[in-house]
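Here's the structure we're looking at; comments come further down.
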Amino acid sequence: GSYRLSEFNARLGLESFKNLDSEIKTRMYFASILNDGLLNSSVRISSFSHLESFSCYKLICSIENTSGAEIESKLKEHSIYCGGAVYRKGCHMQPVFADIKAPRLPNTEKFCYEHFCVPLHSGLSESDIQRLLSVLLICNN
């Protein structure tokens, strides 16, 4: 099979590039609002302050000793739908490695259990971000 883009998809990609910088800036701005609003809570957000630019495609959050899947479920009760988690099961625990005696990786397993990815895209409004922030603070308790 061919992995070449069709002319339509290539054109769509070129048009999308025109808005890329603006979309990244918007997502970084929204991520900063969330980060600032959650500073005194137990919700941790992956650090991006050291980056000049960050796509915020996956804004990874966690609450110590709390299931990320449980937080996703609580957010869903408020009609907030998270992006897919990075991994719910570590690579070393995937079925393909079942016959290999993999070492325990407690930090990886803790990350897999706790993390969730909040919805963050350039189609959100400031009121959407404020609502997400409010619900995260409720779920935090």
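Ligands are numbered from 1 in the order shown, residues from 1 within each chain, and chains are lettered A, B, ... in the order they appear in the structure tokens.
Near Ser125 in chain A, within 12 Å and counting only C-alpha atoms, sit Thr26, Arg27, Tyr29, Phe30, Ile33, Pro119, Arg131 and Leu132 of chain A, not including residues fewer than 6 positions from it in the same chain.
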Residues from the last selection, N, CA and C atoms, saved as a CSV table (one decimal), in the first residue's frame:
```
chain,number,residue,atom,x,y,z
A,26,THR,N,-3.0,29.2,22.3
A,26,THR,CA,-4.2,29.1,23.0
A,26,THR,C,-4.2,28.0,24.0
A,27,ARG,N,-3.7,26.8,23.6
A,27,ARG,CA,-3.7,25.6,24.5
A,27,ARG,C,-2.7,25.9,25.7
A,29,TYR,N,-2.0,28.8,27.0
A,29,TYR,CA,-2.7,29.8,27.8
A,29,TYR,C,-3.7,29.0,28.7
A,30,PHE,N,-4.5,28.2,28.2
A,30,PHE,CA,-5.5,27.4,29.0
A,30,PHE,C,-4.7,26.5,30.0
A,33,ILE,N,-3.7,28.6,32.9
A,33,ILE,CA,-4.8,28.9,33.8
A,33,ILE,C,-5.1,27.7,34.7
A,119,PRO,N,-9.2,17.4,29.0
A,119,PRO,CA,-9.5,17.9,27.7
A,119,PRO,C,-8.8,19.3,27.5
A,131,ARG,N,-14.7,26.1,34.1
A,131,ARG,CA,-15.6,25.0,34.6
A,131,ARG,C,-14.8,23.8,34.8
A,132,LEU,N,-13.9,23.5,33.9
A,132,LEU,CA,-13.0,22.3,34.1
A,132,LEU,C,-12.2,22.5,35.4
```
Check the DSSP output for the backbone and give back, as a ChimeraX atom specification, the residues of chain A in helix (DSSP H, G or I). /A:7-37,68-77,91-93,95-97,106-114,126-139
In range 25-110 of chain A, what's strand (DSSP E or B) per DSSP? Answer as a ChimeraX atom specification? /A:43-45,59-63,83
For the residues selected in the previous step, produce a file with all heavy atoms as an mmCIF file, in the first residue's frame.
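For reference, selection-v8.cif as written:
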```cif
data_model
loop_
_atom_site.group_PDB
_atom_site.id
_atom_site.type_symbol
_atom_site.label_atom_id
_atom_site.label_comp_id
_atom_site.auth_asym_id
_atom_site.auth_seq_id
_atom_site.Cartn_x
_atom_site.Cartn_y
_atom_site.Cartn_z
ATOM 1 N N VAL A 43 -4.115 18.190 42.917
ATOM 2 C CA VAL A 43 -4.017 17.834 41.501
ATOM 3 C C VAL A 43 -2.674 18.338 40.978
ATOM 4 O O VAL A 43 -2.360 19.513 41.079
ATOM 5 C CB VAL A 43 -5.159 18.461 40.670
ATOM 6 C CG1 VAL A 43 -5.027 18.073 39.203
ATOM 7 C CG2 VAL A 43 -6.518 18.049 41.217
ATOM 8 N N ARG A 44 -1.896 17.407 40.453
ATOM 9 C CA ARG A 44 -0.601 17.769 39.870
ATOM 10 C C ARG A 44 -0.710 17.733 38.353
ATOM 11 O O ARG A 44 -1.355 16.858 37.788
ATOM 12 C CB ARG A 44 0.481 16.797 40.322
ATOM 13 C CG ARG A 44 0.764 16.858 41.818
ATOM 14 C CD ARG A 44 1.741 15.793 42.216
ATOM 15 N NE ARG A 44 1.100 14.497 41.941
ATOM 16 C CZ ARG A 44 1.671 13.327 42.108
ATOM 17 N NH1 ARG A 44 2.890 13.242 42.534
ATOM 18 N NH2 ARG A 44 1.015 12.213 41.858
ATOM 19 N N ILE A 45 -0.067 18.712 37.729
ATOM 20 C CA ILE A 45 -0.035 18.784 36.266
ATOM 21 C C ILE A 45 1.414 18.627 35.824
ATOM 22 O O ILE A 45 2.318 19.188 36.450
ATOM 23 C CB ILE A 45 -0.591 20.129 35.757
ATOM 24 C CG1 ILE A 45 -2.066 20.259 36.107
ATOM 25 C CG2 ILE A 45 -0.387 20.275 34.259
ATOM 26 C CD1 ILE A 45 -2.699 21.552 35.640
ATOM 27 N N LEU A 59 -2.169 16.950 28.256
ATOM 28 C CA LEU A 59 -1.837 17.609 29.518
ATOM 29 C C LEU A 59 -2.102 16.578 30.610
ATOM 30 O O LEU A 59 -3.238 16.289 30.960
ATOM 31 C CB LEU A 59 -2.663 18.876 29.729
ATOM 32 C CG LEU A 59 -2.218 19.737 30.901
ATOM 33 C CD1 LEU A 59 -0.785 20.232 30.699
ATOM 34 C CD2 LEU A 59 -3.141 20.919 31.083
ATOM 35 N N ILE A 60 -1.024 15.990 31.100
ATOM 36 C CA ILE A 60 -1.115 14.876 32.032
ATOM 37 C C ILE A 60 -1.255 15.394 33.455
ATOM 38 O O ILE A 60 -0.476 16.224 33.906
ATOM 39 C CB ILE A 60 0.120 13.968 31.916
ATOM 40 C CG1 ILE A 60 0.238 13.436 30.480
ATOM 41 C CG2 ILE A 60 0.049 12.819 32.915
ATOM 42 C CD1 ILE A 60 1.547 12.739 30.186
ATOM 43 N N CYS A 61 -2.272 14.892 34.143
ATOM 44 C CA CYS A 61 -2.549 15.268 35.531
ATOM 45 C C CYS A 61 -2.586 14.011 36.385
ATOM 46 O O CYS A 61 -2.749 12.909 35.877
ATOM 47 C CB CYS A 61 -3.908 15.961 35.633
ATOM 48 S SG CYS A 61 -4.063 17.449 34.656
ATOM 49 N N SER A 62 -2.468 14.211 37.683
ATOM 50 C CA SER A 62 -2.614 13.092 38.617
ATOM 51 C C SER A 62 -2.975 13.626 39.995
ATOM 52 O O SER A 62 -2.753 14.795 40.300
ATOM 53 C CB SER A 62 -1.328 12.259 38.693
ATOM 54 O OG SER A 62 -0.279 13.021 39.251
ATOM 55 N N ILE A 63 -3.544 12.751 40.784
ATOM 56 C CA ILE A 63 -3.820 13.016 42.194
ATOM 57 C C ILE A 63 -3.229 11.829 42.938
ATOM 58 O O ILE A 63 -3.573 10.670 42.656
ATOM 59 C CB ILE A 63 -5.329 13.160 42.476
ATOM 60 C CG1 ILE A 63 -5.919 14.315 41.668
ATOM 61 C CG2 ILE A 63 -5.571 13.352 43.967
ATOM 62 C CD1 ILE A 63 -7.431 14.448 41.758
ATOM 63 N N GLY A 83 -9.243 13.091 27.334
ATOM 64 C CA GLY A 83 -8.561 12.388 26.259
ATOM 65 C C GLY A 83 -8.071 11.059 26.817
ATOM 66 O O GLY A 83 -8.041 10.858 28.031
#
```
Would you compute the distance between CA of Ile138 in chain A and CA of Ser49 in chain A? Give it in Å to one decimal. 25.1 Å
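Distances from A:Val135, A:Glu15, A:Asn35, A:Asn9 to Glu77 in chain A were compared using only C-alpha atoms, and the smallest one belongs to A:Val135.
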Need to verify the contact set: Thr66 in chain A, 10 Å, only C-alpha atoms, exclusion of same-chain residues closer than 5 positions in sequence. Can you return it as a list in words? Ile71, Lys110, Tyr113, Glu114, His115 and Asn140 of chain A
How far is it from CA of Ser42 in chain A to CA of Glu23 in chain A, in Å with one decimal? 28.3 Å
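If only C-alpha atoms are the atoms counted, then among A:Ser16, A:Arg88, A:Gly123, A:Met28 the closest residue to Leu51 in chain A is A:Met28.
Taking CA of Ser127 in chain A and CA of Gly68 in chain A as endpoints, the distance between them is 23.9 Å.
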Of the listed residues A:Leu105, A:Ala31, A:Ile24, A:Cys56, that which approaches Ile129 in chain A most closely, counting only C-alpha atoms: A:Ala31
Which one is closest to Glu126 in chain A: A:Leu34, A:Val96, A:Leu14, A:Leu5? Count only C-alpha atoms. A:Leu34
Measuring atom to atom with only C-alpha atoms, identify which of A:Leu133, A:Cys112, A:Cys139, A:Arg104 is nearest to Leu39 in chain A. A:Leu133
